[in-house]
$ cat input_21.cif   # mmCIF, C-alpha atoms and all ligand atoms
data_model
loop_
_atom_site.label_atom_id
_atom_site.label_comp_id
_atom_site.auth_asym_id
_atom_site.auth_seq_id
_atom_site.Cartn_x
_atom_site.Cartn_y
_atom_site.Cartn_z
CA MET A 153 -23.30 0.75 -46.53
CA THR A 154 -25.50 -1.54 -48.57
CA SER A 155 -23.55 -4.63 -47.60
CA THR A 156 -25.05 -4.64 -44.10
CA THR A 157 -28.68 -4.40 -45.10
CA PRO A 158 -29.20 -7.87 -46.66
CA ALA A 159 -27.81 -9.69 -43.64
CA PRO A 160 -30.86 -9.50 -41.35
CA SER A 161 -33.24 -10.58 -44.08
CA LEU A 162 -31.06 -13.59 -44.91
CA THR A 163 -30.40 -14.79 -41.43
CA ALA A 164 -33.71 -13.98 -39.78
CA PRO A 165 -35.63 -17.05 -41.07
CA HIS A 166 -32.93 -19.37 -39.72
CA ARG A 167 -32.28 -17.64 -36.45
CA THR A 168 -35.86 -17.30 -35.29
CA PRO A 169 -36.51 -21.03 -34.76
CA ARG A 170 -33.17 -21.35 -33.02
CA ARG A 171 -34.14 -18.67 -30.54
CA ARG A 172 -37.40 -20.50 -29.90
CA ARG A 173 -35.66 -23.83 -29.29
CA ALA A 174 -32.99 -22.44 -27.00
CA PRO A 175 -35.13 -22.22 -23.83
CA VAL A 176 -36.38 -25.77 -24.38
CA VAL A 177 -32.81 -27.09 -24.66
CA LEU A 178 -31.78 -25.08 -21.60
CA VAL A 179 -34.63 -26.50 -19.54
CA LEU A 180 -33.70 -30.05 -20.56
CA VAL A 181 -30.05 -29.49 -19.65
CA LEU A 182 -30.97 -27.96 -16.29
CA ALA A 183 -33.39 -30.80 -15.58
CA GLY A 184 -30.62 -33.30 -16.31
CA ILE A 185 -28.24 -31.55 -13.93
CA GLY A 186 -30.98 -31.42 -11.30
CA LEU A 187 -31.62 -35.15 -11.58
CA ALA A 188 -27.91 -35.90 -11.36
CA LEU A 189 -27.54 -33.82 -8.21
CA ALA A 190 -30.77 -34.89 -6.54
CA GLY A 191 -30.54 -38.66 -6.41
CA PRO A 192 -28.62 -40.06 -3.42
CA THR A 193 -28.57 -43.52 -4.99
CA GLY A 194 -28.47 -45.10 -8.40
CA LEU A 195 -26.86 -43.99 -11.60
CA ALA A 196 -27.19 -40.27 -10.90
CA ALA A 197 -25.33 -40.60 -7.61
CA ARG A 198 -22.61 -42.67 -9.23
CA VAL A 199 -22.11 -40.00 -11.87
CA VAL A 200 -21.71 -37.33 -9.20
CA ARG A 201 -19.26 -39.49 -7.28
CA ALA A 202 -17.23 -40.22 -10.39
CA VAL A 203 -16.89 -36.49 -10.95
CA GLY A 204 -15.79 -36.19 -7.34
CA GLY A 205 -12.88 -38.54 -7.86
CA ALA A 206 -14.36 -41.48 -5.95
CA PRO A 207 -12.78 -44.20 -8.13
CA ALA A 208 -9.35 -43.25 -6.81
CA ALA A 209 -10.56 -43.53 -3.23
CA GLN A 210 -12.35 -46.81 -3.93
CA ALA A 211 -9.19 -48.32 -5.37
CA VAL A 212 -7.28 -47.51 -2.18
CA LEU A 213 -10.11 -48.69 0.08
CA ASP A 214 -10.40 -51.99 -1.77
CA GLY A 215 -6.99 -52.88 -0.35
CA PRO A 216 -6.10 -53.54 3.28
CA LEU A 217 -5.81 -50.67 5.73
CA ALA A 218 -3.03 -48.54 4.28
CA PRO A 219 -0.18 -47.06 6.27
CA CYS A 220 -0.65 -43.41 7.16
CA ARG A 221 0.37 -41.33 4.17
CA ALA A 222 -0.07 -37.67 3.25
CA ASP A 223 -1.99 -37.40 -0.02
CA ASP A 224 -4.99 -35.49 -1.37
CA ILE A 225 -7.41 -38.09 -2.69
CA LEU A 226 -11.06 -37.05 -2.51
CA ALA A 227 -12.91 -39.03 0.15
CA LEU A 228 -15.34 -41.67 -1.09
CA HIS A 229 -18.46 -40.50 0.78
CA ARG A 230 -18.53 -36.71 0.77
CA GLU A 231 -22.25 -36.03 0.40
CA PRO A 232 -23.94 -34.32 3.37
CA ALA A 233 -26.22 -37.36 3.75
CA ASP A 234 -23.16 -39.59 4.19
CA TRP A 235 -21.94 -37.76 7.30
CA ALA A 236 -21.54 -40.93 9.36
CA ARG A 237 -19.33 -42.84 6.92
CA THR A 238 -17.00 -40.22 5.47
CA LEU A 239 -13.48 -41.54 6.05
CA LEU A 240 -11.01 -38.70 6.50
CA ASP A 241 -7.34 -39.20 7.27
CA PRO A 242 -4.05 -37.76 5.94
CA THR A 243 -4.80 -39.42 2.56
CA PHE A 244 -8.52 -38.68 2.05
CA ARG A 245 -9.94 -35.18 1.99
CA LEU A 246 -13.01 -33.04 1.39
CA GLU A 247 -13.29 -30.24 -1.14
CA PRO A 248 -13.03 -26.70 0.25
CA ASP A 249 -16.71 -26.13 -0.55
CA ASP A 250 -17.95 -29.37 1.03
CA LEU A 251 -19.97 -27.52 3.64
CA PRO A 252 -22.89 -28.55 5.82
CA SER A 253 -25.87 -26.23 5.36
CA ASP A 254 -27.60 -26.95 8.67
CA LEU A 255 -25.14 -25.65 11.28
CA VAL A 256 -26.54 -24.48 14.61
CA PRO A 257 -24.80 -23.22 17.78
CA VAL A 258 -23.73 -25.90 20.28
CA ALA A 259 -25.67 -23.89 22.86
CA GLU A 260 -28.79 -25.53 21.37
CA ALA A 261 -27.62 -28.70 23.12
CA GLY A 262 -27.21 -26.90 26.43
CA LEU A 263 -23.43 -26.81 26.20
CA ARG A 264 -21.10 -24.02 27.11
CA GLY A 265 -18.32 -22.90 24.81
CA GLY A 266 -18.44 -21.76 21.23
CA GLY A 267 -18.97 -23.18 17.80
CA SER A 268 -21.57 -24.89 15.69
CA VAL A 269 -22.54 -28.40 14.70
CA ARG A 270 -25.04 -29.82 12.24
CA LEU A 271 -28.62 -29.82 13.44
CA LEU A 272 -28.78 -33.61 13.21
CA VAL A 273 -26.15 -33.84 15.98
CA ILE A 274 -28.07 -31.75 18.51
CA ASP A 275 -30.35 -34.36 20.08
CA ASP A 276 -27.52 -36.79 20.82
CA LEU A 277 -25.26 -33.93 21.90
CA ARG A 278 -27.90 -32.74 24.37
CA SER A 279 -28.16 -36.29 25.68
CA LEU A 280 -24.35 -36.53 26.01
CA ALA A 281 -24.13 -33.24 27.88
CA ALA A 282 -26.97 -34.11 30.24
CA ALA A 283 -25.52 -37.54 31.06
CA ALA A 284 -22.12 -36.01 31.77
CA ARG A 285 -23.72 -33.45 34.09
CA GLU A 286 -25.54 -36.20 35.96
CA ASP A 287 -22.18 -37.87 36.52
CA GLY A 288 -20.70 -34.62 37.82
CA VAL A 289 -18.66 -33.97 34.68
CA THR A 290 -18.68 -30.57 33.00
CA LEU A 291 -18.11 -30.60 29.26
CA ARG A 292 -17.21 -27.35 27.57
CA VAL A 293 -16.83 -27.07 23.79
CA ARG A 294 -13.43 -25.78 22.74
CA SER A 295 -13.96 -26.19 18.97
CA ALA A 296 -16.68 -27.62 16.75
CA PHE A 297 -17.27 -27.00 13.04
CA ARG A 298 -14.21 -25.64 11.26
CA SER A 299 -14.25 -24.58 7.62
CA TYR A 300 -11.50 -25.40 5.15
CA ASP A 301 -10.06 -21.91 5.67
CA ASP A 302 -10.26 -22.27 9.46
CA GLN A 303 -8.25 -25.47 9.15
CA ILE A 304 -5.61 -23.77 7.01
CA ARG A 305 -5.06 -21.35 9.91
CA THR A 306 -5.21 -24.07 12.57
CA PHE A 307 -2.60 -26.19 10.79
CA ALA A 308 -0.36 -23.23 9.94
CA SER A 309 -0.24 -22.08 13.55
CA LEU A 310 0.82 -25.57 14.71
CA GLU A 311 3.39 -25.82 11.94
CA ALA A 312 4.84 -22.44 12.88
CA LEU A 313 5.05 -23.60 16.48
CA ASN A 314 6.80 -26.95 16.10
CA GLY A 315 7.44 -27.73 12.43
CA ARG A 316 5.74 -29.70 9.69
CA ASP A 317 6.22 -33.26 10.99
CA TRP A 318 4.85 -32.42 14.41
CA ALA A 319 1.94 -30.49 12.93
CA GLU A 320 0.98 -33.42 10.68
CA LEU A 321 0.78 -35.73 13.68
CA SER A 322 -1.12 -33.19 15.75
CA ALA A 323 -3.68 -31.82 13.30
CA ALA A 324 -5.23 -32.49 9.94
CA ARG A 325 -4.26 -30.50 6.89
CA ALA A 326 -7.08 -28.42 5.41
CA GLY A 327 -9.70 -30.66 3.79
CA HIS A 328 -8.68 -33.66 5.89
CA SER A 329 -10.27 -32.57 9.18
CA GLU A 330 -13.35 -34.25 10.65
CA HIS A 331 -14.25 -30.81 11.99
CA GLN A 332 -15.21 -29.78 8.42
CA LEU A 333 -18.04 -32.34 8.55
CA GLY A 334 -19.87 -30.32 11.22
CA THR A 335 -20.32 -33.46 13.33
CA THR A 336 -17.13 -33.23 15.39
CA LEU A 337 -16.26 -31.44 18.61
CA ASP A 338 -13.25 -30.89 20.86
CA PHE A 339 -14.09 -30.67 24.57
CA ASP A 340 -12.33 -29.16 27.50
CA GLY A 341 -12.67 -31.57 30.39
CA GLY A 342 -14.24 -34.98 30.75
CA ASN A 343 -11.75 -36.99 28.68
CA ASP A 344 -12.08 -40.15 30.78
CA TRP A 345 -15.84 -39.82 30.88
CA LEU A 346 -15.96 -39.42 27.08
CA ALA A 347 -13.80 -42.52 26.54
CA ALA A 348 -16.20 -44.58 28.63
CA ASN A 349 -19.53 -43.06 27.64
CA ALA A 350 -19.51 -41.07 24.41
CA TRP A 351 -20.53 -44.13 22.36
CA ARG A 352 -23.77 -44.49 24.32
CA HIS A 353 -24.89 -41.17 22.85
CA GLY A 354 -23.76 -41.75 19.27
CA PHE A 355 -20.21 -40.36 19.41
CA VAL A 356 -16.80 -41.95 18.98
CA VAL A 357 -13.42 -40.73 20.17
CA SER A 358 -11.72 -40.73 16.78
CA TYR A 359 -8.11 -40.91 18.00
CA PRO A 360 -8.01 -43.10 21.12
CA ALA A 361 -4.66 -43.65 22.81
CA ALA A 362 -4.75 -47.41 22.24
CA ARG A 363 -4.85 -46.99 18.44
CA SER A 364 -2.92 -43.74 17.97
CA PRO A 365 -0.98 -42.75 16.03
CA GLN A 366 -0.28 -46.09 14.37
CA PHE A 367 -3.80 -46.71 13.06
CA THR A 368 -5.46 -43.32 13.34
CA CYS A 369 -2.48 -41.40 11.88
CA TYR A 370 -2.69 -38.72 14.59
CA LYS A 371 -1.53 -38.44 18.15
CA ALA A 372 -4.12 -39.47 20.71
CA GLU A 373 -6.85 -36.85 21.16
CA PRO A 374 -9.08 -37.92 24.05
CA TRP A 375 -11.03 -34.67 23.71
CA HIS A 376 -12.00 -35.09 20.02
CA VAL A 377 -15.33 -36.81 19.40
CA ARG A 378 -17.29 -37.31 16.20
CA HIS A 379 -20.97 -38.07 15.90
CA VAL A 380 -21.74 -41.19 13.84
CA GLY A 381 -25.12 -42.13 15.32
CA ARG A 382 -25.82 -44.64 18.08
CA GLY A 383 -25.81 -47.78 15.94
CA VAL A 384 -22.44 -47.11 14.38
CA ALA A 385 -20.94 -45.76 17.61
CA ARG A 386 -21.90 -48.97 19.41
CA ARG A 387 -20.38 -51.14 16.69
CA VAL A 388 -17.14 -49.14 16.64
CA HIS A 389 -16.96 -49.27 20.44
CA GLU A 390 -17.49 -53.04 20.51
CA SER A 391 -14.95 -53.60 17.72
CA GLY A 392 -12.13 -52.12 19.79
CA VAL A 393 -10.60 -50.48 16.73
CA SER A 394 -10.51 -46.81 15.72
CA LEU A 395 -13.11 -45.17 13.50
CA ARG A 396 -10.61 -45.00 10.61
CA GLU A 397 -10.03 -48.74 10.78
CA TRP A 398 -13.71 -49.50 11.16
CA LEU A 399 -14.87 -47.29 8.27
CA TRP A 400 -12.16 -48.72 6.03
CA ILE A 401 -14.02 -52.03 6.21
CA HIS A 402 -17.62 -51.12 7.05
CA ALA A 403 -18.41 -47.73 5.48
CA ASP A 404 -20.84 -49.25 3.00
CA GLU A 405 -22.89 -50.78 5.82
CA VAL A 406 -23.62 -47.37 7.32
CA PRO A 407 -27.07 -46.15 6.28
ZN ZN B 501 -10.59 -32.08 17.08
#
$ encode --input "input_21.cif" --output "structure tokens" --more "lines below"
Ligand SMILES: [Zn+2]
Amino acid sequence: MTSTTPAPSLTAPHRTPRRRRAPVVLVLVLAGIGLALAGPTGLAARVVRAVGGAPAAQAVLDGPLAPCRADDILALHREPADWARTLLDPTFRLEPDDLPSDLVPVAEAGLRGGGSVRLLVIDDLRSLAAAAREDGVTLRVRSAFRSYDDQIRTFASLEALNGRDWAELSAARAGHSEHQLGTTLDFDGGNDWLAANAWRHGFVVSYPAARSPQFTCYKAEPWHVRHVGRGVARRVHESGVSLREWLWIHADEVP
């Protein structure tokens, strides 16, 4: 009974200052984490990217365009601000929780069909839809943003239908899909119009017939467009190569 009584009196003088210091240390640690997460450039950003596995991606991208290969290396530019230069293919992927936080319905752009895209896509998407309408072309959205879990289901249904090899040429495995970026749409109708005009409004057809599947790693998808902004879209269009090939070389030039 008596053995427990001295303990508080012995430890109290030492413990009290520790309790007082603890919140200060916690604040400093939280501030450090906040700085590391906040900065899009500089040392803080490099630390975040290193944690994200970017060195592995950089090593691959430092070489020439690699043959299409199924792997699970984290993409080099995964931050929401880097939406236009994130290179996704069967090798490079996003994390399941790499999610845009600014999704809005495609109806905001005056389009029919379902789904959501990032708010930053809406102005160019509205412009694309209006220009198509003026040319007598009706675009309807079949699919837009898809989460990691959505893509698991999409891929599984294709695999069940025609087997693994066919599915891997026809759709991205979860984490590898441009639809997870929130900047990508599949349209019903208007494929020829999109091939000729999407770039004028800041979109690229990611898997054009002329470069697919050899360079894009997927079968041609004339309905699948990704927003990269008008400057990049023009440069990709004028280059004549696919977005995968272009980003492999030029991703660091994208603002
Ligand atoms: Zn698609």
$ atom_distance --input "input_21.cif" --atom1 "atom CA of Phe355 of chain A" --atom2 "atom CA of Gly381 of chain A"
6.6 Å
$ closest_atom_pairs --input "input_21.cif" --of "chain A" --to "ligand ZN 501 (chain B)" --cutoff "8 Å" --atoms "all atoms listed in the file" --output "CSV"
residue,atom,partner,partner_atom,distance
A:Ser295,CA,B:ZN501,ZN,7.0
A:Ala296,CA,B:ZN501,ZN,7.6
A:Ala323,CA,B:ZN501,ZN,7.9
A:Ser329,CA,B:ZN501,ZN,7.9
A:Glu330,CA,B:ZN501,ZN,7.3
A:His331,CA,B:ZN501,ZN,6.4
A:Thr336,CA,B:ZN501,ZN,6.9
A:Leu337,CA,B:ZN501,ZN,5.9
A:Asp338,CA,B:ZN501,ZN,4.8
A:Glu373,CA,B:ZN501,ZN,7.3
A:Trp375,CA,B:ZN501,ZN,7.1
A:His376,CA,B:ZN501,ZN,4.4
A:Val377,CA,B:ZN501,ZN,7.1
$ atom_distance --input "input_21.cif" --atom1 "atom CA of Gly327 of chain A" --atom2 "atom CA of Ala222 of chain A"
11.9 Å
$ residues_around --input "input_21.cif" --residues "segment 400-407 of chain A" --least-positions-apart "3" --cutoff "8 Å" --atoms "all atoms listed in the file" --output "PDB file with C-alpha atoms, in the coordinates of the input"
ATOM      1  CA  LEU A 213     -10.110 -48.690   0.080  1.00  0.00           C
ATOM      2  CA  LEU A 217      -5.810 -50.670   5.730  1.00  0.00           C
ATOM      3  CA  ASP A 234     -23.160 -39.590   4.190  1.00  0.00           C
ATOM      4  CA  ALA A 236     -21.540 -40.930   9.360  1.00  0.00           C
ATOM      5  CA  ARG A 237     -19.330 -42.840   6.920  1.00  0.00           C
ATOM      6  CA  THR A 238     -17.000 -40.220   5.470  1.00  0.00           C
ATOM      7  CA  LEU A 239     -13.480 -41.540   6.050  1.00  0.00           C
ATOM      8  CA  VAL A 384     -22.440 -47.110  14.380  1.00  0.00           C
ATOM      9  CA  ARG A 396     -10.610 -45.000  10.610  1.00  0.00           C
ATOM     10  CA  GLU A 397     -10.030 -48.740  10.780  1.00  0.00           C
TER      11      GLU A 397
END
$ atom_distance --input "input_21.cif" --atom1 "atom CA of Arg352 of chain A" --atom2 "atom CA of Arg386 of chain A"
6.9 Å
$ closest_residue --input "input_21.cif" --among "A:Asp276, A:Glu311, A:Asp344, A:Gly334" --to "Thr290 of chain A" --atoms "all atoms listed in the file"
A:Asp344
$ closest_residue --input "input_21.cif" --among "A:Leu226, A:Leu255, A:Leu277, A:Ala312" --to "Ala208 of chain A" --atoms "all atoms listed in the file"
A:Leu226
$ axis_aligned_box --input "input_21.cif" --around "segment 310-324 of chain A" --padding-each-side "6 Å" --output "JSON"
{"center_x": 1.1, "center_y": -29.1, "center_z": 13.1, "size_x": 24.7, "size_y": 25.3, "size_z": 18.8}
$ closest_residue --input "input_21.cif" --among "A:Ala324, A:Val356, A:Ala319, A:Ala209" --to "His229 of chain A" --atoms "all atoms listed in the file"
A:Ala209
$ residues_near_point --input "input_21.cif" --point "(-10.3, -42.0, 17.7)" --cutoff "6 Å" --atoms "all atoms listed in the file" --output "JSON, numbers by chain"
{"A": [357, 358, 359, 360, 394, 395]}
$ residues_around --input "input_21.cif" --residues "Arg221 of chain A" --least-positions-apart "2" --cutoff "9 Å" --atoms "only C-alpha atoms" --output "ChimeraX atom specification"
/A:218-219,223,241-243,369
$ residues_around --input "input_21.cif" --residues "Pro252 of chain A" --least-positions-apart "3" --cutoff "12 Å" --atoms "all atoms listed in the file" --output "list of chain:residue names"
A:Arg230, A:Glu231, A:Pro232, A:Ala233, A:Asp234, A:Trp235, A:Leu246, A:Glu247, A:Pro248, A:Asp249, A:Leu255, A:Val256, A:Ser268, A:Val269, A:Arg270, A:Leu271, A:Leu272, A:Val273, A:Phe297, A:Arg298, A:Ser299, A:Tyr300, A:His331, A:Gln332, A:Leu333, A:Gly334, A:Thr335
$ residues_around --input "input_21.cif" --residues "segment 262-264 of chain A" --least-positions-apart "6" --cutoff "12 Å" --atoms "all atoms listed in the file" --output "NGL selection string"
:A and (274-285 or 290-296 or 337 or 339-341)
$ write_last_selection --input "input_21.cif" --atoms "C-alpha atoms" --output "compact mmCIF listing (two decimals), keeping the file's coordinate frame"
# COMPACT_ATOMS: atom_id res chain seq x y z
CA ILE A 274 -28.07 -31.75 18.51
CA ASP A 275 -30.35 -34.36 20.08
CA ASP A 276 -27.52 -36.79 20.82
CA LEU A 277 -25.26 -33.93 21.90
CA ARG A 278 -27.90 -32.74 24.37
CA SER A 279 -28.16 -36.29 25.68
CA LEU A 280 -24.35 -36.53 26.01
CA ALA A 281 -24.13 -33.24 27.88
CA ALA A 282 -26.97 -34.11 30.24
CA ALA A 283 -25.52 -37.54 31.06
CA ALA A 284 -22.12 -36.01 31.77
CA ARG A 285 -23.72 -33.45 34.09
CA THR A 290 -18.68 -30.57 33.00
CA LEU A 291 -18.11 -30.60 29.26
CA ARG A 292 -17.21 -27.35 27.57
CA VAL A 293 -16.83 -27.07 23.79
CA ARG A 294 -13.43 -25.78 22.74
CA SER A 295 -13.96 -26.19 18.97
CA ALA A 296 -16.68 -27.62 16.75
CA LEU A 337 -16.26 -31.44 18.61
CA PHE A 339 -14.09 -30.67 24.57
CA ASP A 340 -12.33 -29.16 27.50
CA GLY A 341 -12.67 -31.57 30.39
$ closest_residue --input "input_21.cif" --among "A:Leu321, A:Leu399, A:Ala385, A:Val289" --to "Leu240 of chain A" --atoms "all atoms listed in the file"
A:Leu399
$ closest_residue --input "input_21.cif" --among "A:Phe244, A:His328, A:Val388, A:Gly267" --to "Ala206 of chain A" --atoms "all atoms listed in the file"
A:Phe244
$ closest_residue --input "input_21.cif" --among "A:Glu286, A:Asp302, A:Arg325, A:Ala348" --to "Asp224 of chain A" --atoms "all atoms listed in the file"
A:Arg325
$ decode --input "input_21.cif" --residues "segment 275-285 of chain A" --atoms "all heavy atoms" --output "PDB file, in the first residue's frame"
ATOM      1  N   ASP A 275     -14.538  25.683 -68.203  1.00  0.00           N
ATOM      2  CA  ASP A 275     -14.584  26.735 -69.227  1.00  0.00           C
ATOM      3  C   ASP A 275     -14.222  26.198 -70.605  1.00  0.00           C
ATOM      4  O   ASP A 275     -14.906  26.484 -71.596  1.00  0.00           O
ATOM      5  CB  ASP A 275     -13.644  27.890 -68.853  1.00  0.00           C
ATOM      6  CG  ASP A 275     -14.227  28.779 -67.761  1.00  0.00           C
ATOM      7  OD1 ASP A 275     -15.428  28.594 -67.450  1.00  0.00           O
ATOM      8  OD2 ASP A 275     -13.493  29.623 -67.225  1.00  0.00           O
ATOM      9  N   ASP A 276     -13.148  25.428 -70.687  1.00  0.00           N
ATOM     10  CA  ASP A 276     -12.747  24.871 -71.983  1.00  0.00           C
ATOM     11  C   ASP A 276     -13.736  23.801 -72.449  1.00  0.00           C
ATOM     12  O   ASP A 276     -13.962  23.643 -73.649  1.00  0.00           O
ATOM     13  CB  ASP A 276     -11.332  24.279 -71.899  1.00  0.00           C
ATOM     14  CG  ASP A 276     -10.247  25.354 -72.016  1.00  0.00           C
ATOM     15  OD1 ASP A 276     -10.553  26.449 -72.534  1.00  0.00           O
ATOM     16  OD2 ASP A 276      -9.103  25.103 -71.594  1.00  0.00           O
ATOM     17  N   LEU A 277     -14.326  23.094 -71.515  1.00  0.00           N
ATOM     18  CA  LEU A 277     -15.307  22.067 -71.890  1.00  0.00           C
ATOM     19  C   LEU A 277     -16.576  22.709 -72.454  1.00  0.00           C
ATOM     20  O   LEU A 277     -17.153  22.227 -73.439  1.00  0.00           O
ATOM     21  CB  LEU A 277     -15.639  21.206 -70.663  1.00  0.00           C
ATOM     22  CG  LEU A 277     -16.499  19.974 -70.909  1.00  0.00           C
ATOM     23  CD1 LEU A 277     -15.873  19.037 -71.935  1.00  0.00           C
ATOM     24  CD2 LEU A 277     -16.729  19.208 -69.584  1.00  0.00           C
ATOM     25  N   ARG A 278     -16.961  23.833 -71.855  1.00  0.00           N
ATOM     26  CA  ARG A 278     -18.125  24.572 -72.367  1.00  0.00           C
ATOM     27  C   ARG A 278     -17.845  25.082 -73.776  1.00  0.00           C
ATOM     28  O   ARG A 278     -18.690  25.001 -74.673  1.00  0.00           O
ATOM     29  CB  ARG A 278     -18.446  25.734 -71.428  1.00  0.00           C
ATOM     30  CG  ARG A 278     -19.755  26.459 -71.786  1.00  0.00           C
ATOM     31  CD  ARG A 278     -20.030  27.631 -70.858  1.00  0.00           C
ATOM     32  NE  ARG A 278     -20.224  27.221 -69.476  1.00  0.00           N
ATOM     33  CZ  ARG A 278     -19.413  27.541 -68.471  1.00  0.00           C
ATOM     34  NH1 ARG A 278     -18.336  28.273 -68.691  1.00  0.00           N
ATOM     35  NH2 ARG A 278     -19.673  27.136 -67.240  1.00  0.00           N
ATOM     36  N   SER A 279     -16.632  25.566 -73.979  1.00  0.00           N
ATOM     37  CA  SER A 279     -16.210  26.047 -75.290  1.00  0.00           C
ATOM     38  C   SER A 279     -16.206  24.908 -76.314  1.00  0.00           C
ATOM     39  O   SER A 279     -16.667  25.068 -77.456  1.00  0.00           O
ATOM     40  CB  SER A 279     -14.814  26.677 -75.149  1.00  0.00           C
ATOM     41  OG  SER A 279     -14.139  26.717 -76.370  1.00  0.00           O
ATOM     42  N   LEU A 280     -15.700  23.758 -75.924  1.00  0.00           N
ATOM     43  CA  LEU A 280     -15.674  22.569 -76.800  1.00  0.00           C
ATOM     44  C   LEU A 280     -17.090  22.171 -77.196  1.00  0.00           C
ATOM     45  O   LEU A 280     -17.392  21.939 -78.376  1.00  0.00           O
ATOM     46  CB  LEU A 280     -14.988  21.411 -76.068  1.00  0.00           C
ATOM     47  CG  LEU A 280     -14.930  20.062 -76.794  1.00  0.00           C
ATOM     48  CD1 LEU A 280     -13.682  19.996 -77.686  1.00  0.00           C
ATOM     49  CD2 LEU A 280     -14.893  18.899 -75.799  1.00  0.00           C
ATOM     50  N   ALA A 281     -17.971  22.106 -76.210  1.00  0.00           N
ATOM     51  CA  ALA A 281     -19.344  21.673 -76.471  1.00  0.00           C
ATOM     52  C   ALA A 281     -20.070  22.655 -77.385  1.00  0.00           C
ATOM     53  O   ALA A 281     -20.788  22.255 -78.313  1.00  0.00           O
ATOM     54  CB  ALA A 281     -20.101  21.525 -75.141  1.00  0.00           C
ATOM     55  N   ALA A 282     -19.854  23.948 -77.145  1.00  0.00           N
ATOM     56  CA  ALA A 282     -20.524  24.964 -77.965  1.00  0.00           C
ATOM     57  C   ALA A 282     -20.032  24.921 -79.398  1.00  0.00           C
ATOM     58  O   ALA A 282     -20.821  25.015 -80.353  1.00  0.00           O
ATOM     59  CB  ALA A 282     -20.285  26.351 -77.353  1.00  0.00           C
ATOM     60  N   ALA A 283     -18.716  24.763 -79.585  1.00  0.00           N
ATOM     61  CA  ALA A 283     -18.152  24.718 -80.937  1.00  0.00           C
ATOM     62  C   ALA A 283     -18.664  23.483 -81.683  1.00  0.00           C
ATOM     63  O   ALA A 283     -18.959  23.558 -82.886  1.00  0.00           O
ATOM     64  CB  ALA A 283     -16.624  24.696 -80.860  1.00  0.00           C
ATOM     65  N   ALA A 284     -18.767  22.370 -81.001  1.00  0.00           N
ATOM     66  CA  ALA A 284     -19.295  21.154 -81.634  1.00  0.00           C
ATOM     67  C   ALA A 284     -20.732  21.390 -82.083  1.00  0.00           C
ATOM     68  O   ALA A 284     -21.122  21.043 -83.206  1.00  0.00           O
ATOM     69  CB  ALA A 284     -19.210  19.979 -80.656  1.00  0.00           C
ATOM     70  N   ARG A 285     -21.516  21.989 -81.196  1.00  0.00           N
ATOM     71  CA  ARG A 285     -22.928  22.267 -81.530  1.00  0.00           C
ATOM     72  C   ARG A 285     -23.030  23.160 -82.763  1.00  0.00           C
ATOM     73  O   ARG A 285     -23.869  22.922 -83.640  1.00  0.00           O
ATOM     74  CB  ARG A 285     -23.616  22.943 -80.341  1.00  0.00           C
ATOM     75  CG  ARG A 285     -24.449  21.982 -79.478  1.00  0.00           C
ATOM     76  CD  ARG A 285     -25.409  22.727 -78.547  1.00  0.00           C
ATOM     77  NE  ARG A 285     -24.738  23.722 -77.729  1.00  0.00           N
ATOM     78  CZ  ARG A 285     -24.129  23.449 -76.563  1.00  0.00           C
ATOM     79  NH1 ARG A 285     -24.113  22.214 -76.105  1.00  0.00           N
ATOM     80  NH2 ARG A 285     -23.545  24.393 -75.869  1.00  0.00           N
TER      81      ARG A 285
END
